[in-house]
$ cat target.cif   # mmCIF, C-alpha atoms
data_work
loop_
_atom_site.group_PDB
_atom_site.id
_atom_site.type_symbol
_atom_site.label_atom_id
_atom_site.label_comp_id
_atom_site.auth_asym_id
_atom_site.auth_seq_id
_atom_site.Cartn_x
_atom_site.Cartn_y
_atom_site.Cartn_z
ATOM 1 C CA MET A 1 70.923 32.511 -8.621
ATOM 2 C CA THR A 2 67.187 32.865 -9.178
ATOM 3 C CA GLU A 3 64.712 31.308 -6.808
ATOM 4 C CA LYS A 4 63.115 28.093 -8.091
ATOM 5 C CA ALA A 5 59.383 28.091 -8.622
ATOM 6 C CA ARG A 6 57.349 26.405 -5.925
ATOM 7 C CA TRP A 7 54.706 23.864 -6.925
ATOM 8 C CA GLN A 8 51.793 21.993 -5.425
ATOM 9 C CA VAL A 9 51.611 18.343 -6.418
ATOM 10 C CA LEU A 10 48.116 16.871 -6.197
ATOM 11 C CA VAL A 11 47.842 13.102 -5.901
ATOM 12 C CA VAL A 12 44.196 12.417 -6.728
ATOM 13 C CA ARG A 13 42.278 9.228 -5.988
ATOM 14 C CA VAL A 14 38.571 9.058 -6.774
ATOM 15 C CA PRO A 15 36.596 5.812 -7.151
ATOM 16 C CA ALA A 16 35.715 4.916 -10.738
ATOM 17 C CA GLU A 17 31.990 4.784 -9.986
ATOM 18 C CA PRO A 18 30.009 6.852 -10.177
ATOM 19 C CA SER A 19 32.116 8.452 -12.889
ATOM 20 C CA LYS A 20 30.546 11.911 -12.448
ATOM 21 C CA HIS A 21 32.874 12.592 -9.504
ATOM 22 C CA ARG A 22 36.021 11.669 -11.438
ATOM 23 C CA VAL A 23 34.847 13.782 -14.349
ATOM 24 C CA ALA A 24 34.085 16.756 -12.085
ATOM 25 C CA VAL A 25 37.567 16.549 -10.536
ATOM 26 C CA TRP A 26 39.208 16.210 -13.965
ATOM 27 C CA ARG A 27 37.271 19.204 -15.323
ATOM 28 C CA GLU A 28 38.273 21.372 -12.383
ATOM 29 C CA LEU A 29 41.914 20.359 -12.738
ATOM 30 C CA ARG A 30 41.774 21.302 -16.434
ATOM 31 C CA ARG A 31 39.913 24.553 -15.656
ATOM 32 C CA ILE A 32 42.622 25.717 -13.277
ATOM 33 C CA GLY A 33 45.348 24.735 -15.743
ATOM 34 C CA ALA A 34 46.849 21.879 -13.747
ATOM 35 C CA LEU A 35 49.555 19.911 -15.511
ATOM 36 C CA SER A 36 49.116 16.142 -15.547
ATOM 37 C CA LEU A 37 52.304 14.330 -14.528
ATOM 38 C CA GLY A 38 50.805 10.884 -14.885
ATOM 39 C CA GLN A 39 48.078 8.685 -13.513
ATOM 40 C CA GLY A 40 46.290 10.724 -10.850
ATOM 41 C CA THR A 41 49.185 13.135 -10.309
ATOM 42 C CA TRP A 42 48.823 16.794 -11.169
ATOM 43 C CA VAL A 43 50.862 19.905 -10.495
ATOM 44 C CA VAL A 44 50.122 23.623 -10.320
ATOM 45 C CA PRO A 45 52.367 26.521 -9.389
ATOM 46 C CA ASP A 46 52.165 27.371 -5.704
ATOM 47 C CA ALA A 47 50.593 30.762 -6.321
ATOM 48 C CA PRO A 48 47.497 32.408 -4.829
ATOM 49 C CA VAL A 49 45.679 32.352 -8.176
ATOM 50 C CA PHE A 50 45.464 28.540 -7.986
ATOM 51 C CA ALA A 51 44.431 28.246 -4.314
ATOM 52 C CA ASP A 52 40.650 28.298 -4.812
ATOM 53 C CA GLY A 53 40.884 25.765 -7.623
ATOM 54 C CA VAL A 54 42.967 23.379 -5.518
ATOM 55 C CA THR A 55 40.453 23.712 -2.680
ATOM 56 C CA LYS A 56 37.618 22.940 -5.086
ATOM 57 C CA VAL A 57 39.454 19.873 -6.448
ATOM 58 C CA VAL A 58 39.812 18.547 -2.895
ATOM 59 C CA GLU A 59 36.107 19.205 -2.173
ATOM 60 C CA LEU A 60 34.973 17.514 -5.390
ATOM 61 C CA ALA A 61 37.148 14.471 -4.728
ATOM 62 C CA GLU A 62 35.868 14.150 -1.161
ATOM 63 C CA ARG A 63 32.289 14.485 -2.390
ATOM 64 C CA GLY A 64 32.959 11.430 -4.539
ATOM 65 C CA GLU A 65 34.427 9.449 -1.620
ATOM 66 C CA GLY A 66 37.935 10.140 -2.884
ATOM 67 C CA GLU A 67 40.934 11.997 -1.591
ATOM 68 C CA VAL A 68 43.608 14.406 -2.703
ATOM 69 C CA THR A 69 47.038 14.571 -1.113
ATOM 70 C CA VAL A 70 48.613 17.988 -1.711
ATOM 71 C CA LEU A 71 52.402 18.178 -1.501
ATOM 72 C CA ASP A 72 54.695 21.185 -1.725
ATOM 73 C CA ALA A 73 57.559 20.782 -4.173
ATOM 74 C CA SER A 74 60.259 22.719 -5.950
ATOM 75 C CA GLY A 75 62.226 20.066 -7.811
ATOM 76 C CA ARG A 76 65.518 18.626 -6.624
ATOM 77 C CA SER A 77 67.527 20.458 -9.234
ATOM 78 C CA GLU A 78 67.272 23.518 -11.422
ATOM 79 C CA ALA A 79 66.635 21.154 -14.348
ATOM 80 C CA ASP A 80 63.564 19.715 -12.576
ATOM 81 C CA ALA A 81 62.195 23.171 -11.852
ATOM 82 C CA THR A 82 62.867 24.305 -15.411
ATOM 83 C CA ARG A 83 61.196 21.199 -16.830
ATOM 84 C CA LEU A 84 58.000 21.821 -14.843
ATOM 85 C CA SER A 85 57.907 25.483 -15.841
ATOM 86 C CA THR A 86 58.538 24.547 -19.477
ATOM 87 C CA LEU A 87 55.777 21.908 -19.494
ATOM 88 C CA PHE A 88 53.348 24.246 -17.753
ATOM 89 C CA THR A 89 54.115 27.063 -20.198
ATOM 90 C CA ALA A 90 53.773 24.679 -23.164
ATOM 91 C CA GLU A 91 50.217 23.919 -22.057
ATOM 92 C CA ARG A 92 49.486 27.640 -21.851
ATOM 93 C CA SER A 93 50.971 28.023 -25.350
ATOM 94 C CA GLU A 94 48.522 25.390 -26.613
ATOM 95 C CA GLU A 95 45.661 27.304 -24.990
ATOM 96 C CA TRP A 96 46.862 30.571 -26.533
ATOM 97 C CA ALA A 97 47.110 28.900 -29.963
ATOM 98 C CA GLU A 98 43.510 27.739 -29.680
ATOM 99 C CA PHE A 99 42.480 31.212 -28.517
ATOM 100 C CA LEU A 100 44.257 32.808 -31.485
ATOM 101 C CA ALA A 101 42.500 30.407 -33.852
ATOM 102 C CA ASP A 102 39.140 31.458 -32.393
ATOM 103 C CA CYS A 103 40.081 35.117 -32.833
ATOM 104 C CA GLY A 104 40.655 34.291 -36.501
ATOM 105 C CA LYS A 105 37.224 32.669 -36.669
ATOM 106 C CA PHE A 106 35.680 35.771 -35.091
ATOM 107 C CA ASP A 107 37.378 37.954 -37.685
ATOM 108 C CA ALA A 108 36.198 35.672 -40.499
ATOM 109 C CA GLU A 109 32.638 35.732 -39.147
ATOM 110 C CA ILE A 110 32.605 39.543 -39.172
ATOM 111 C CA ASP A 111 33.937 39.481 -42.759
ATOM 112 C CA LYS A 112 31.214 37.010 -43.746
ATOM 113 C CA GLU A 113 28.406 39.112 -42.271
ATOM 114 C CA ILE A 114 29.726 42.281 -43.897
ATOM 115 C CA GLY A 115 30.075 40.437 -47.201
ATOM 116 C CA LYS A 116 26.448 39.293 -46.989
ATOM 117 C CA GLY A 117 25.305 42.734 -45.914
ATOM 118 C CA LYS A 118 23.804 41.174 -42.793
ATOM 119 C CA PHE A 119 23.509 44.218 -40.566
ATOM 120 C CA THR A 120 20.893 43.152 -38.026
ATOM 121 C CA LEU A 121 20.657 43.685 -34.282
ATOM 122 C CA ALA A 122 20.325 39.938 -33.784
ATOM 123 C CA GLU A 123 23.604 39.331 -35.609
ATOM 124 C CA LEU A 124 25.266 42.187 -33.724
ATOM 125 C CA GLU A 125 24.167 40.665 -30.417
ATOM 126 C CA GLU A 126 25.570 37.293 -31.459
ATOM 127 C CA GLU A 127 28.927 38.873 -32.323
ATOM 128 C CA GLU A 128 28.950 40.787 -29.020
ATOM 129 C CA GLN A 129 28.436 37.502 -27.178
ATOM 130 C CA SER A 130 31.282 35.942 -29.145
ATOM 131 C CA LEU A 131 33.598 38.806 -28.190
ATOM 132 C CA ASP A 132 32.527 38.542 -24.535
ATOM 133 C CA ARG A 133 33.394 34.825 -24.643
ATOM 134 C CA LEU A 134 36.817 35.636 -26.131
ATOM 135 C CA ARG A 135 37.409 38.235 -23.407
ATOM 136 C CA ARG A 136 36.534 35.753 -20.621
ATOM 137 C CA TRP A 137 38.717 33.079 -22.201
ATOM 138 C CA HIS A 138 41.605 35.531 -22.574
ATOM 139 C CA ARG A 139 41.259 36.572 -18.923
ATOM 140 C CA ASP A 140 41.199 32.944 -17.756
ATOM 141 C CA ILE A 141 44.285 31.917 -19.740
ATOM 142 C CA HIS A 142 46.097 35.098 -18.750
ATOM 143 C CA THR A 143 45.401 34.328 -15.080
ATOM 144 C CA ARG A 144 46.904 30.829 -15.405
ATOM 145 C CA ASP A 145 49.853 31.929 -17.557
ATOM 146 C CA ILE A 146 52.067 32.995 -14.654
ATOM 147 C CA PHE A 147 55.343 32.242 -16.483
ATOM 148 C CA GLY A 148 54.374 34.240 -19.584
ATOM 149 C CA ALA A 149 54.002 32.049 -22.655
ATOM 150 C CA PRO A 150 55.472 33.666 -25.783
ATOM 151 C CA GLU A 151 52.030 33.944 -27.434
ATOM 152 C CA VAL A 152 50.570 36.298 -24.810
ATOM 153 C CA GLY A 153 51.532 39.489 -26.675
ATOM 154 C CA GLU A 154 49.980 38.286 -29.905
ATOM 155 C CA ALA A 155 46.866 37.178 -28.013
ATOM 156 C CA ASP A 156 46.510 40.631 -26.443
ATOM 157 C CA GLU A 157 46.829 42.261 -29.873
ATOM 158 C CA ARG A 158 44.357 39.879 -31.525
ATOM 159 C CA LEU A 159 41.751 40.438 -28.818
ATOM 160 C CA GLU A 160 42.104 44.188 -29.281
ATOM 161 C CA HIS A 161 41.766 43.677 -33.049
ATOM 162 C CA CYS A 162 38.549 41.677 -32.491
ATOM 163 C CA ALA A 163 37.178 44.481 -30.316
ATOM 164 C CA THR A 164 38.012 47.018 -33.048
ATOM 165 C CA ARG A 165 36.341 44.838 -35.698
ATOM 166 C CA LEU A 166 33.198 44.576 -33.575
ATOM 167 C CA ALA A 167 33.134 48.354 -33.071
ATOM 168 C CA GLU A 168 33.380 48.849 -36.841
ATOM 169 C CA TYR A 169 30.645 46.278 -37.463
ATOM 170 C CA THR A 170 28.461 47.945 -34.822
ATOM 171 C CA GLN A 171 28.776 51.239 -36.700
ATOM 172 C CA GLN A 172 27.754 49.536 -39.941
ATOM 173 C CA VAL A 173 24.738 47.895 -38.282
ATOM 174 C CA PHE A 174 23.513 51.183 -36.858
ATOM 175 C CA GLN A 175 24.069 52.993 -40.154
ATOM 176 C CA ALA A 176 22.112 50.305 -41.997
ATOM 177 C CA LEU A 177 19.252 50.382 -39.478
ATOM 178 C CA HIS A 178 18.981 54.170 -39.578
ATOM 179 C CA GLN A 179 18.790 54.226 -43.368
ATOM 180 C CA LEU A 180 15.461 52.405 -43.283
#
$ encode --input "target.cif" --output "structure tokens"
Amino acid sequence: MTEKARWQVLVVRVPAEPSKHRVAVWRELRRIGALSLGQGTWVVPDAPVFADGVTKVVELAERGEGEVTVLDASGRSEADATRLSTLFTAERSEEWAEFLADCGKFDAEIDKEIGKGKFTLAELEEEEQSLDRLRRWHRDIHTRDIFGAPEVGEADERLEHCATRLAEYTQQVFQALHQL
């Protein structure tokens, strides 16, 4: 029998006003990949990668005169544990799908610039920044995706493809600039 995943359940209460505190807590919960179970109740795997985020959620809530109760949980049955893992992984799958869509946009942008013959350093810098953003996003999702969503392999390949496309575009920019 495999060991059930351990979870941290966060019961969050923050006064409605001023709303900036509730928003800050919500943003941090989303940033760390917490799964919403319902009104003010969130869950994250009990893994070191989430510890700093949970601490920050507690600090943000307290700053807004609120509180967070953190409970350890594993689910009463294997079905409960499986359900949480499935829901958590489904959210990572949604993030990977959005990431993959942005990789497609990056690819299309490179195609557009090549099609226009726009081989400028300014455009190259913009594309480098876009790839850096994709790399950070990939790293962040990968860190949260502790159960391994099925899209991770494709995401790794697409990021590598984007890096290859940028390298090719970089060569074209430098060739165009040196022909002047």
$ resolve_selection --input "target.cif" --expression "the PyMOL selection byres ((chain A and resi 66) around 8)" --output "number ranges by chain"
A: 12-15, 61-65, 67-68
$ closest_residue --input "target.cif" --among "A:Glu127, A:Arg31, A:Cys103, A:Asp145" --to "Glu168 (chain A)" --atoms "only C-alpha atoms"
A:Glu127
$ residues_around --input "target.cif" --residues "Cys162 (chain A)" --least-positions-apart "2" --cutoff "9 Å" --atoms "only C-alpha atoms" --output "JSON, numbers by chain"
{"A": [103, 104, 106, 107, 131, 134, 157, 158, 159, 160, 164, 165, 166, 167]}
$ write_last_selection --input "target.cif" --atoms "C-alpha atoms" --output "compact mmCIF listing (two decimals), keeping the file's coordinate frame"
# COMPACT_ATOMS: atom_id res chain seq x y z
CA CYS A 103 40.08 35.12 -32.83
CA GLY A 104 40.66 34.29 -36.50
CA PHE A 106 35.68 35.77 -35.09
CA ASP A 107 37.38 37.95 -37.68
CA LEU A 131 33.60 38.81 -28.19
CA LEU A 134 36.82 35.64 -26.13
CA GLU A 157 46.83 42.26 -29.87
CA ARG A 158 44.36 39.88 -31.52
CA LEU A 159 41.75 40.44 -28.82
CA GLU A 160 42.10 44.19 -29.28
CA THR A 164 38.01 47.02 -33.05
CA ARG A 165 36.34 44.84 -35.70
CA LEU A 166 33.20 44.58 -33.58
CA ALA A 167 33.13 48.35 -33.07
$ atom_distance --input "target.cif" --atom1 "CA of Glu154 (chain A)" --atom2 "CA of Trp42 (chain A)"
28.5 Å
$ closest_residue --input "target.cif" --among "A:Glu151, A:Asp156, A:Asp72, A:Glu128" --to "Arg92 (chain A)" --atoms "only C-alpha atoms"
A:Glu151
$ resolve_selection --input "target.cif" --expression "the PyMOL selection byres ((chain A and resi 97) around 12)" --output "list in words"
Ala90, Glu91, Arg92, Ser93, Glu94, Glu95, Trp96, Glu98, Phe99, Leu100, Ala101, Asp102, Cys103, Gly104, His138, Ile141, Ala149, Pro150, Glu151, Val152, Gly153, Glu154, Ala155 and Arg158 of chain A
$ write_last_selection --input "target.cif" --atoms "C-alpha atoms" --output "PDB file, in the frame of the given file"
ATOM      1  CA  ALA A  90      53.773  24.679 -23.164  1.00  0.00           C
ATOM      2  CA  GLU A  91      50.217  23.919 -22.057  1.00  0.00           C
ATOM      3  CA  ARG A  92      49.486  27.640 -21.851  1.00  0.00           C
ATOM      4  CA  SER A  93      50.971  28.023 -25.350  1.00  0.00           C
ATOM      5  CA  GLU A  94      48.522  25.390 -26.613  1.00  0.00           C
ATOM      6  CA  GLU A  95      45.661  27.304 -24.990  1.00  0.00           C
ATOM      7  CA  TRP A  96      46.862  30.571 -26.533  1.00  0.00           C
ATOM      8  CA  GLU A  98      43.510  27.739 -29.680  1.00  0.00           C
ATOM      9  CA  PHE A  99      42.480  31.212 -28.517  1.00  0.00           C
ATOM     10  CA  LEU A 100      44.257  32.808 -31.485  1.00  0.00           C
ATOM     11  CA  ALA A 101      42.500  30.407 -33.852  1.00  0.00           C
ATOM     12  CA  ASP A 102      39.140  31.458 -32.393  1.00  0.00           C
ATOM     13  CA  CYS A 103      40.081  35.117 -32.833  1.00  0.00           C
ATOM     14  CA  GLY A 104      40.655  34.291 -36.501  1.00  0.00           C
ATOM     15  CA  HIS A 138      41.605  35.531 -22.574  1.00  0.00           C
ATOM     16  CA  ILE A 141      44.285  31.917 -19.740  1.00  0.00           C
ATOM     17  CA  ALA A 149      54.002  32.049 -22.655  1.00  0.00           C
ATOM     18  CA  PRO A 150      55.472  33.666 -25.783  1.00  0.00           C
ATOM     19  CA  GLU A 151      52.030  33.944 -27.434  1.00  0.00           C
ATOM     20  CA  VAL A 152      50.570  36.298 -24.810  1.00  0.00           C
ATOM     21  CA  GLY A 153      51.532  39.489 -26.675  1.00  0.00           C
ATOM     22  CA  GLU A 154      49.980  38.286 -29.905  1.00  0.00           C
ATOM     23  CA  ALA A 155      46.866  37.178 -28.013  1.00  0.00           C
ATOM     24  CA  ARG A 158      44.357  39.879 -31.525  1.00  0.00           C
TER      25      ARG A 158
END
$ atom_distance --input "target.cif" --atom1 "CA of Glu78 (chain A)" --atom2 "CA of Ile146 (chain A)"
18.2 Å
$ atom_distance --input "target.cif" --atom1 "CA of Ala47 (chain A)" --atom2 "CA of Trp7 (chain A)"
8.1 Å
$ resolve_selection --input "target.cif" --expression "the PyMOL selection byres ((chain A and resi 50) around 10)" --output "list in words"
Gln8, Ile32, Gly33, Ala34, Val44, Pro45, Asp46, Ala47, Pro48, Val49, Ala51, Asp52, Gly53, Val54, Thr55, Thr143 and Arg144 of chain A
$ decode --input "target.cif" --residues "region 113-156 of chain A" --atoms "C-alpha atoms" --output "short mmCIF file (atom, residue, chain, number, x, y, z; two decimals), in the first residue's frame"
data_model
loop_
_atom_site.label_atom_id
_atom_site.label_comp_id
_atom_site.auth_asym_id
_atom_site.auth_seq_id
_atom_site.Cartn_x
_atom_site.Cartn_y
_atom_site.Cartn_z
CA GLU A 113 8.92 39.19 -36.98
CA ILE A 114 10.78 36.96 -39.43
CA GLY A 115 7.97 37.38 -41.95
CA LYS A 116 8.20 41.16 -41.65
CA GLY A 117 11.98 41.05 -41.80
CA LYS A 118 12.09 42.86 -38.46
CA PHE A 119 15.61 42.04 -37.34
CA THR A 120 16.34 44.76 -34.79
CA LEU A 121 18.10 44.66 -31.44
CA ALA A 122 15.04 46.20 -29.80
CA GLU A 123 12.84 43.38 -31.10
CA LEU A 124 15.44 40.79 -30.10
CA GLU A 125 15.51 42.20 -26.57
CA GLU A 126 11.72 42.04 -26.39
CA GLU A 127 11.75 38.39 -27.46
CA GLU A 128 14.51 37.60 -24.94
CA GLN A 129 12.35 39.10 -22.20
CA SER A 130 9.40 37.02 -23.36
CA LEU A 131 11.49 33.85 -23.20
CA ASP A 132 12.79 34.80 -19.73
CA ARG A 133 9.17 35.22 -18.59
CA LEU A 134 8.29 31.79 -20.01
CA ARG A 135 11.28 30.26 -18.22
CA ARG A 136 10.26 31.80 -14.86
CA TRP A 137 6.66 30.69 -15.35
CA HIS A 138 7.78 27.17 -16.27
CA ARG A 139 9.99 27.01 -13.17
CA ASP A 140 7.17 28.22 -10.92
CA ILE A 141 4.60 25.74 -12.25
CA HIS A 142 7.16 22.93 -12.19
CA THR A 143 7.88 23.70 -8.53
CA ARG A 144 4.18 23.46 -7.62
CA ASP A 145 3.50 20.40 -9.79
CA ILE A 146 4.65 17.84 -7.22
CA PHE A 147 2.32 15.08 -8.47
CA GLY A 148 3.42 15.45 -12.11
CA ALA A 149 0.60 16.65 -14.35
CA PRO A 150 0.55 14.85 -17.71
CA GLU A 151 1.39 18.07 -19.61
CA VAL A 152 4.80 18.56 -17.98
CA GLY A 153 6.72 16.66 -20.68
CA GLU A 154 5.12 18.65 -23.47
CA ALA A 155 5.76 21.88 -21.55
CA ASP A 156 9.45 21.00 -21.19
#
